[in-house]
>>> print(open('upload.cif').read())   # mmCIF, C-alpha atoms
data_my_file
#
loop_
_atom_site.label_atom_id
_atom_site.label_comp_id
_atom_site.auth_asym_id
_atom_site.auth_seq_id
_atom_site.Cartn_x
_atom_site.Cartn_y
_atom_site.Cartn_z
CA MET A 13 -31.27 -169.78 -137.39
CA LYS A 14 -32.24 -173.13 -135.91
CA PHE A 15 -33.11 -175.96 -138.27
CA ILE A 16 -36.75 -176.08 -139.34
CA PRO A 17 -38.35 -179.48 -140.05
CA GLN A 18 -39.65 -180.07 -143.55
CA PHE A 19 -42.48 -182.34 -144.66
CA SER A 20 -39.95 -185.10 -145.40
CA ASP A 21 -38.92 -184.96 -141.74
CA VAL A 22 -42.54 -185.47 -140.68
CA THR A 23 -42.90 -188.50 -142.94
CA ALA A 24 -39.59 -189.87 -141.62
CA ALA A 25 -40.90 -189.42 -138.09
CA GLY A 26 -44.12 -191.19 -139.05
CA ASP A 27 -42.17 -194.18 -140.33
CA ALA A 28 -39.93 -194.25 -137.24
CA ILE A 29 -42.62 -194.05 -134.57
CA SER A 30 -45.45 -195.98 -136.23
CA SER A 31 -44.78 -199.19 -134.30
CA HIS A 32 -44.47 -197.33 -130.99
CA VAL A 33 -47.51 -195.01 -130.96
CA HIS A 34 -51.24 -195.50 -131.30
CA ARG A 35 -52.88 -194.63 -134.61
CA THR A 36 -55.63 -192.63 -132.97
CA PRO A 37 -59.17 -192.49 -134.38
CA VAL A 38 -60.86 -189.68 -136.27
CA LEU A 39 -64.32 -189.30 -134.72
CA THR A 40 -67.39 -187.33 -135.78
CA SER A 41 -70.54 -186.08 -134.04
CA HIS A 42 -73.79 -185.23 -135.82
CA GLN A 43 -74.84 -183.19 -132.79
CA LEU A 44 -71.71 -181.05 -132.82
CA ASP A 45 -72.05 -180.64 -136.58
CA ALA A 46 -75.55 -179.29 -136.08
CA ILE A 47 -74.43 -176.94 -133.29
CA SER A 48 -71.43 -175.62 -135.23
CA GLY A 49 -72.92 -175.48 -138.70
CA ALA A 50 -69.84 -177.30 -140.02
CA GLN A 51 -68.72 -180.89 -140.57
CA LEU A 52 -66.24 -181.60 -137.79
CA PHE A 53 -63.64 -184.36 -137.76
CA PHE A 54 -61.83 -184.89 -134.47
CA LYS A 55 -58.32 -186.39 -134.45
CA CYS A 56 -58.44 -187.89 -130.97
CA GLU A 57 -54.99 -187.77 -129.42
CA ASN A 58 -56.66 -188.18 -126.03
CA PHE A 59 -56.45 -191.90 -126.95
CA GLN A 60 -52.69 -191.68 -127.54
CA LYS A 61 -50.25 -193.31 -125.13
CA VAL A 62 -49.88 -191.15 -121.97
CA GLY A 63 -53.14 -189.52 -123.06
CA ALA A 64 -51.69 -186.83 -125.30
CA PHE A 65 -50.11 -186.08 -128.69
CA LYS A 66 -46.84 -185.37 -126.88
CA PHE A 67 -45.89 -189.04 -127.05
CA ARG A 68 -45.34 -188.68 -130.81
CA GLY A 69 -42.64 -186.05 -130.59
CA ALA A 70 -41.07 -187.58 -127.49
CA THR A 71 -40.77 -190.97 -129.15
CA ASN A 72 -39.22 -189.43 -132.27
CA ALA A 73 -36.71 -187.53 -130.13
CA ILE A 74 -35.70 -190.63 -128.16
CA LEU A 75 -35.32 -192.72 -131.32
CA ASN A 76 -32.93 -190.11 -132.73
CA LEU A 77 -30.55 -190.03 -129.74
CA THR A 78 -26.95 -191.12 -130.25
CA ASP A 79 -25.59 -194.02 -128.22
CA ASP A 80 -23.70 -191.61 -125.94
CA GLN A 81 -26.85 -189.56 -125.37
CA ARG A 82 -28.84 -192.67 -124.53
CA ARG A 83 -26.31 -193.64 -121.87
CA SER A 84 -26.45 -190.22 -120.19
CA GLY A 85 -30.24 -189.91 -120.25
CA VAL A 86 -32.56 -187.05 -121.13
CA VAL A 87 -33.90 -184.07 -119.21
CA THR A 88 -36.74 -181.65 -119.74
CA HIS A 89 -38.90 -179.16 -117.87
CA SER A 90 -42.64 -179.60 -118.21
CA SER A 91 -45.84 -179.16 -116.25
CA GLY A 92 -47.23 -182.48 -117.32
CA ASN A 93 -47.95 -184.05 -120.71
CA HIS A 94 -44.49 -183.64 -122.24
CA ALA A 95 -42.92 -184.85 -119.00
CA ALA A 96 -45.04 -188.00 -119.01
CA ALA A 97 -44.49 -188.58 -122.72
CA LEU A 98 -40.72 -188.17 -122.59
CA THR A 99 -40.43 -190.33 -119.49
CA HIS A 100 -42.48 -193.17 -120.98
CA ALA A 101 -40.69 -192.98 -124.34
CA ALA A 102 -37.28 -192.92 -122.65
CA VAL A 103 -37.70 -195.45 -119.84
CA SER A 104 -39.37 -198.01 -122.11
CA ARG A 105 -36.18 -197.94 -124.21
CA GLY A 106 -33.77 -198.10 -121.29
CA VAL A 107 -32.98 -194.37 -121.18
CA LYS A 108 -32.98 -192.46 -117.86
CA ALA A 109 -35.43 -189.55 -117.69
CA TYR A 110 -34.84 -186.52 -115.46
CA ILE A 111 -37.88 -184.26 -115.22
CA VAL A 112 -38.13 -180.75 -113.79
CA MET A 113 -41.70 -179.92 -112.82
CA PRO A 114 -43.16 -176.77 -111.26
CA SER A 115 -44.53 -177.41 -107.79
CA THR A 116 -47.91 -176.13 -108.98
CA ALA A 117 -48.32 -178.79 -111.70
CA PRO A 118 -51.62 -180.73 -111.50
CA GLU A 119 -51.40 -183.63 -109.06
CA VAL A 120 -52.71 -186.08 -111.67
CA LYS A 121 -49.77 -185.19 -113.91
CA LYS A 122 -47.23 -185.40 -111.08
CA ARG A 123 -48.46 -188.90 -110.29
CA ALA A 124 -48.35 -189.93 -113.94
CA VAL A 125 -44.77 -188.76 -114.44
CA ALA A 126 -43.63 -190.53 -111.28
CA GLY A 127 -45.50 -193.65 -112.32
CA TYR A 128 -43.66 -193.82 -115.64
CA GLY A 129 -40.35 -193.89 -113.78
CA ALA A 130 -38.89 -190.37 -113.92
CA GLU A 131 -36.48 -188.83 -111.46
CA ILE A 132 -38.38 -185.63 -110.66
CA THR A 133 -37.02 -182.30 -109.46
CA PHE A 134 -39.65 -179.81 -108.32
CA CYS A 135 -39.10 -176.07 -108.67
CA GLU A 136 -40.86 -172.74 -108.43
CA PRO A 137 -43.45 -172.11 -111.18
CA THR A 138 -41.35 -169.71 -113.25
CA LEU A 139 -39.48 -170.27 -116.51
CA ALA A 140 -36.25 -169.05 -114.91
CA ALA A 141 -36.58 -171.59 -112.09
CA ARG A 142 -37.37 -174.40 -114.54
CA GLU A 143 -34.39 -173.60 -116.73
CA ALA A 144 -32.04 -173.26 -113.76
CA ALA A 145 -33.13 -176.63 -112.34
CA ALA A 146 -32.71 -178.31 -115.73
CA ALA A 147 -29.23 -176.78 -116.10
CA GLU A 148 -28.26 -178.22 -112.71
CA VAL A 149 -29.41 -181.68 -113.79
CA ILE A 150 -27.43 -181.41 -117.03
CA ALA A 151 -24.30 -180.33 -115.13
CA ARG A 152 -24.69 -183.24 -112.72
CA THR A 153 -25.63 -186.02 -115.17
CA GLY A 154 -24.67 -184.98 -118.69
CA ALA A 155 -28.26 -185.62 -119.78
CA THR A 156 -29.47 -184.30 -123.13
CA MET A 157 -32.10 -181.56 -123.04
CA VAL A 158 -35.28 -182.44 -124.94
CA HIS A 159 -37.25 -179.21 -125.00
CA PRO A 160 -41.05 -179.52 -124.98
CA PHE A 161 -41.38 -177.68 -128.32
CA ASP A 162 -38.10 -175.99 -129.32
CA ASN A 163 -36.72 -179.22 -130.76
CA PHE A 164 -36.43 -180.38 -134.39
CA TYR A 165 -37.49 -183.99 -133.71
CA ILE A 166 -40.30 -182.99 -131.35
CA ILE A 167 -41.92 -180.76 -133.98
CA ALA A 168 -41.53 -183.36 -136.73
CA GLY A 169 -43.07 -186.00 -134.48
CA GLN A 170 -46.04 -183.83 -133.57
CA GLY A 171 -46.75 -183.35 -137.27
CA THR A 172 -47.54 -187.05 -137.61
CA ALA A 173 -50.95 -186.58 -135.98
CA ALA A 174 -52.05 -184.43 -138.92
CA LEU A 175 -50.34 -186.84 -141.32
CA GLU A 176 -52.52 -189.69 -140.05
CA MET A 177 -55.60 -187.49 -139.92
CA LEU A 178 -55.34 -186.45 -143.56
CA HIS A 179 -54.79 -190.06 -144.59
CA ASP A 180 -57.67 -191.51 -142.56
CA GLY A 181 -60.30 -188.80 -142.83
CA PRO A 182 -61.87 -186.75 -145.63
CA GLU A 183 -60.01 -183.79 -147.10
CA PRO A 184 -60.78 -180.82 -144.83
CA ASP A 185 -61.26 -177.20 -145.84
CA ALA A 186 -59.68 -176.08 -142.57
CA VAL A 187 -57.57 -177.55 -139.78
CA ILE A 188 -57.42 -176.15 -136.25
CA ALA A 189 -55.17 -177.09 -133.33
CA PRO A 190 -54.44 -175.60 -129.89
CA VAL A 191 -51.26 -173.58 -129.44
CA GLY A 192 -49.07 -173.04 -126.40
CA GLY A 193 -45.37 -173.28 -127.21
CA GLY A 194 -46.35 -174.13 -130.76
CA GLY A 195 -44.90 -177.59 -131.32
CA LEU A 196 -48.21 -179.19 -132.29
CA LEU A 197 -49.39 -176.27 -134.43
CA SER A 198 -45.98 -176.07 -136.13
CA GLY A 199 -45.89 -179.76 -137.01
CA THR A 200 -49.52 -179.68 -138.07
CA SER A 201 -48.99 -176.65 -140.30
CA ILE A 202 -45.95 -178.18 -142.01
CA THR A 203 -47.98 -181.28 -142.87
CA VAL A 204 -51.19 -179.56 -143.92
CA ARG A 205 -49.49 -176.81 -145.94
CA HIS A 206 -47.61 -179.46 -147.95
CA LEU A 207 -50.49 -181.86 -148.56
CA LEU A 208 -53.34 -179.33 -148.79
CA PRO A 209 -51.77 -176.01 -149.79
CA HIS A 210 -55.14 -174.25 -150.12
CA ALA A 211 -56.62 -175.41 -146.79
CA LYS A 212 -56.99 -172.87 -144.00
CA ILE A 213 -54.82 -173.49 -140.94
CA TYR A 214 -55.81 -172.03 -137.58
CA GLY A 215 -54.42 -172.06 -134.09
CA ALA A 216 -56.67 -171.72 -131.04
CA GLU A 217 -55.67 -170.11 -127.78
CA PRO A 218 -57.22 -168.93 -124.50
CA ALA A 219 -57.80 -165.18 -124.39
CA LEU A 220 -56.03 -165.22 -121.00
CA ALA A 221 -52.92 -166.72 -122.62
CA ASP A 222 -53.03 -165.10 -126.05
CA ASP A 223 -49.32 -164.51 -126.62
CA ALA A 224 -49.26 -166.61 -129.82
CA ALA A 225 -52.13 -164.60 -131.33
CA ARG A 226 -50.42 -161.35 -130.33
CA SER A 227 -47.14 -162.62 -131.76
CA LEU A 228 -48.68 -163.61 -135.10
CA HIS A 229 -50.56 -160.33 -135.44
CA SER A 230 -47.62 -158.12 -134.42
CA GLY A 231 -44.87 -160.03 -136.21
CA VAL A 232 -42.78 -160.13 -133.02
CA ILE A 233 -42.74 -162.84 -130.34
CA GLN A 234 -44.77 -161.66 -127.36
CA PRO A 235 -44.19 -162.86 -123.78
CA ALA A 236 -46.58 -165.20 -122.04
CA LEU A 237 -49.12 -163.69 -119.67
CA PRO A 238 -49.29 -164.73 -115.99
CA PRO A 239 -50.93 -168.19 -115.77
CA ALA A 240 -54.64 -167.56 -115.37
CA THR A 241 -56.35 -169.95 -117.78
CA ILE A 242 -57.88 -173.34 -117.07
CA ALA A 243 -56.02 -174.62 -120.15
CA ASP A 244 -52.81 -175.40 -118.25
CA GLY A 245 -51.17 -177.00 -121.27
CA LEU A 246 -51.18 -173.71 -123.21
CA LEU A 247 -49.32 -171.39 -120.84
CA THR A 248 -45.94 -171.17 -122.59
CA SER A 249 -45.01 -168.69 -125.30
CA LEU A 250 -43.65 -169.40 -128.77
CA CYS A 251 -39.93 -169.82 -129.42
CA GLU A 252 -38.06 -168.51 -132.46
CA ARG A 253 -38.40 -171.85 -134.27
CA THR A 254 -42.13 -172.33 -133.75
CA PHE A 255 -42.82 -168.64 -134.39
CA THR A 256 -41.03 -168.87 -137.75
CA ILE A 257 -43.03 -171.92 -138.82
CA ILE A 258 -46.37 -170.56 -137.63
CA SER A 259 -45.79 -167.14 -139.20
CA LYS A 260 -45.15 -168.83 -142.56
CA ASN A 261 -47.98 -171.37 -142.53
CA VAL A 262 -50.83 -170.38 -140.21
CA ASP A 263 -53.70 -168.16 -141.41
CA ASP A 264 -54.80 -166.95 -137.97
CA ILE A 265 -54.93 -167.76 -134.27
CA LEU A 266 -58.38 -167.51 -132.70
CA THR A 267 -58.87 -166.76 -129.01
CA VAL A 268 -61.66 -167.89 -126.68
CA SER A 269 -62.85 -167.07 -123.17
CA GLU A 270 -62.65 -169.34 -120.13
CA GLU A 271 -66.44 -169.76 -120.23
CA GLU A 272 -66.27 -170.85 -123.87
CA ILE A 273 -63.51 -173.36 -123.09
CA ILE A 274 -65.49 -174.91 -120.23
CA GLU A 275 -68.69 -175.07 -122.29
CA ALA A 276 -66.88 -176.73 -125.22
CA MET A 277 -65.24 -179.24 -122.89
CA ARG A 278 -68.56 -180.09 -121.31
CA LEU A 279 -70.24 -180.37 -124.71
CA VAL A 280 -67.69 -182.91 -125.96
CA TRP A 281 -67.94 -184.92 -122.74
CA GLU A 282 -71.74 -184.99 -122.92
CA ARG A 283 -72.32 -185.40 -126.66
CA MET A 284 -69.31 -187.49 -127.74
CA LYS A 285 -68.81 -189.41 -124.46
CA ILE A 286 -65.05 -188.91 -124.52
CA ILE A 287 -62.78 -187.22 -121.97
CA ILE A 288 -60.81 -184.23 -123.21
CA GLU A 289 -58.73 -181.82 -121.16
CA PRO A 290 -59.29 -178.05 -121.20
CA SER A 291 -56.46 -177.42 -123.68
CA SER A 292 -58.17 -179.80 -126.12
CA ALA A 293 -61.44 -177.93 -125.74
CA VAL A 294 -59.88 -174.66 -126.91
CA PRO A 295 -60.03 -175.42 -130.68
CA VAL A 296 -63.55 -176.80 -130.28
CA ALA A 297 -64.53 -173.58 -128.52
CA ALA A 298 -62.90 -171.54 -131.29
CA VAL A 299 -64.99 -173.26 -133.96
CA LEU A 300 -68.19 -172.72 -131.95
CA ALA A 301 -67.32 -169.09 -131.26
CA ASN A 302 -66.61 -168.40 -134.94
CA ARG A 303 -69.54 -170.13 -136.63
CA GLY A 304 -69.60 -167.61 -139.45
CA LEU A 305 -65.99 -168.42 -140.33
CA PHE A 306 -66.55 -172.19 -140.52
CA THR A 307 -70.17 -172.54 -141.71
CA GLY A 308 -70.53 -175.29 -144.30
CA MET A 309 -66.85 -176.26 -144.13
CA LYS A 310 -65.19 -179.58 -143.40
CA VAL A 311 -63.09 -178.77 -140.33
CA ALA A 312 -60.44 -181.07 -138.85
CA VAL A 313 -59.94 -180.47 -135.13
CA ILE A 314 -56.93 -181.90 -133.32
CA ILE A 315 -57.90 -183.04 -129.82
CA SER A 316 -54.54 -182.77 -128.10
CA GLY A 317 -55.10 -184.80 -124.93
CA GLY A 318 -57.36 -186.12 -122.22
CA ASN A 319 -55.44 -185.80 -118.97
CA VAL A 320 -57.86 -184.25 -116.49
CA ASP A 321 -57.70 -183.94 -112.72
CA LEU A 322 -61.09 -185.47 -111.93
CA ALA A 323 -61.04 -183.93 -108.46
CA LYS A 324 -61.07 -180.45 -110.00
CA LEU A 325 -63.60 -180.58 -112.81
CA PRO A 326 -64.62 -177.07 -113.90
CA PHE A 327 -68.23 -178.13 -114.45
CA ARG A 328 -68.86 -178.04 -110.69
CA GLN A 329 -68.34 -174.28 -110.66
CA HIS A 330 -70.18 -173.72 -113.93
CA ALA A 331 -73.12 -176.10 -113.64
#
>>> encode(input="upload.cif", output="structure tokens")
Amino acid sequence: MKFIPQFSDVTAAGDAISSHVHRTPVLTSHQLDAISGAQLFFKCENFQKVGAFKFRGATNAILNLTDDQRRSGVVTHSSGNHAAALTHAAVSRGVKAYIVMPSTAPEVKKRAVAGYGAEITFCEPTLAAREAAAAEVIARTGATMVHPFDNFYIIAGQGTAALEMLHDGPEPDAVIAPVGGGGLLSGTSITVRHLLPHAKIYGAEPALADDAARSLHSGVIQPALPPATIADGLLTSLCERTFTIISKNVDDILTVSEEEIIEAMRLVWERMKIIIEPSSAVPVAAVLANRGLFTGMKVAVIISGGNVDLAKLPFRQHA
């Protein structure tokens, strides 16, 4: 069994990365409170460096490299936010970053990763192609693989968002975060379960990419569905490590439709005047779609990122 981070590992990550990451704000909205029937507190990782929570885990992973690993560089496969985060965290500390990206990744994310200084290898948009391309880079360079979510230091680093949130905001009755590969939800659940053992912990997922919900409900890891959701950051399936953590700590994973995701994204843009990406809108949509579950509760919502391709806003098709 792979090593599972503990709460002490999250606090260690928080101490290590505190001078390198933004302490992002916790925002509220009276209008969204009225619409949802709950008191909502938004941990806004869309204001994090590279525009996503991923910079936390990436920074923690880079800071924990050995000297030999630093000299050989790091490699990962990612469609966007993790690629940008790992590249920025690595290059800013003199470490070479090799990134494998599917050719179908959003153009805005391709440009961001290149801008941070990565050496990019493009591949076909399948997990097999991504893993094969990463293996070739490792064979050629000796770089260390830093997986987007199946990594001890990545998960511990992602848990620091909830650590800050619980320190800066009021004590919530429930916490909800989006789930793709499960790194953010795993780290969040480790933190919340330790500090608030009686709080409810929820994941949120698109109905068109509901493998985490199916996995939790069946007790067996389920494969990802073909990519069909607007929430491009939530297309991967859980790994053994994240599945183990989520199965232990998370109360349920709620699913939402594409229409609900788009409406929640638009609502946050219009009412809160902040930019969030579709993946970030998924937990907001889950709260709105399950008003009876959250009525009267203090609910902490982790906004995972704000990297949006402005040339392809979904509102144009759903005006």
>>> atom_distance(input="upload.cif", atom1="CA of Thr172 in chain A", atom2="CA of His32 in chain A")
12.6 Å
>>> closest_residue(input="upload.cif", among="A:Ala216, A:Val22, A:Val112, A:Ile273", to="Arg142 in chain A", atoms="only C-alpha atoms")
A:Val112
>>> resolve_selection(input="upload.cif", expression="the PyMOL selection byres ((chain A and resi 299) around 9)", output="list in words")
Ser48, Ala50, Ile188, Ala216, Leu266, Val294, Pro295, Val296, Ala297, Ala298, Leu300, Ala301, Asn302, Arg303, Leu305, Phe306, Val311 and Val313 of chain A
>>> write_last_selection(input="upload.cif", atoms="C-alpha atoms", output="mmCIF file, in the coordinates of the input")
data_model
loop_
_atom_site.group_PDB
_atom_site.id
_atom_site.type_symbol
_atom_site.label_atom_id
_atom_site.label_comp_id
_atom_site.auth_asym_id
_atom_site.auth_seq_id
_atom_site.Cartn_x
_atom_site.Cartn_y
_atom_site.Cartn_z
ATOM 1 C CA SER A 48 -71.430 -175.620 -135.230
ATOM 2 C CA ALA A 50 -69.840 -177.300 -140.020
ATOM 3 C CA ILE A 188 -57.420 -176.150 -136.250
ATOM 4 C CA ALA A 216 -56.670 -171.720 -131.040
ATOM 5 C CA LEU A 266 -58.380 -167.510 -132.700
ATOM 6 C CA VAL A 294 -59.880 -174.660 -126.910
ATOM 7 C CA PRO A 295 -60.030 -175.420 -130.680
ATOM 8 C CA VAL A 296 -63.550 -176.800 -130.280
ATOM 9 C CA ALA A 297 -64.530 -173.580 -128.520
ATOM 10 C CA ALA A 298 -62.900 -171.540 -131.290
ATOM 11 C CA LEU A 300 -68.190 -172.720 -131.950
ATOM 12 C CA ALA A 301 -67.320 -169.090 -131.260
ATOM 13 C CA ASN A 302 -66.610 -168.400 -134.940
ATOM 14 C CA ARG A 303 -69.540 -170.130 -136.630
ATOM 15 C CA LEU A 305 -65.990 -168.420 -140.330
ATOM 16 C CA PHE A 306 -66.550 -172.190 -140.520
ATOM 17 C CA VAL A 311 -63.090 -178.770 -140.330
ATOM 18 C CA VAL A 313 -59.940 -180.470 -135.130
#
>>> resolve_selection(input="upload.cif", expression="the PyMOL selection byres ((chain A and resi 89) around 8)", output="VMD selection string")
chain A and resid 87 to 88 90 to 91 95 111 to 113 142 to 143 146 159 to 160
>>> resolve_selection(input="upload.cif", expression="the PyMOL selection byres ((chain A and resi 279-284) around 9)", output="VMD selection string")
chain A and resid 39 to 41 43 to 44 274 to 278 285 to 288 293 296
>>> residues_around(input="upload.cif", residues="range 218-231 of chain A", least_positions_apart="3", cutoff="6 Å", atoms="all atoms listed in the file", output="list in words")
Gln234, Ala236, Leu237, Thr241, Ile265, Thr267, Val268 and Ser269 of chain A
>>> atom_distance(input="upload.cif", atom1="CA of Ala240 in chain A", atom2="CA of Cys56 in chain A")
25.9 Å
>>> closest_residue(input="upload.cif", among="A:Lys108, A:Lys310, A:Lys122, A:His94", to="Glu183 in chain A", atoms="all atoms listed in the file")
A:Lys310
>>> axis_aligned_box(input="upload.cif", around="range 46-65 of chain A", padding_each_side="6 Å", output="JSON")
{"center_x": -62.7, "center_y": -184.4, "center_z": -131.3, "size_x": 37.7, "size_y": 29.8, "size_z": 30.6}
>>> atom_distance(input="upload.cif", atom1="CA of Ile242 in chain A", atom2="CA of Met157 in chain A")
27.7 Å
>>> residues_near_point(input="upload.cif", point="(-44.9, -188.7, -122.7)", cutoff="12 Å", atoms="only C-alpha atoms", output="PyMOL selection string")
chain A and resi 32-33+60-74+88+90-104+109+111+121+124-130+158+160+166+170+317+319
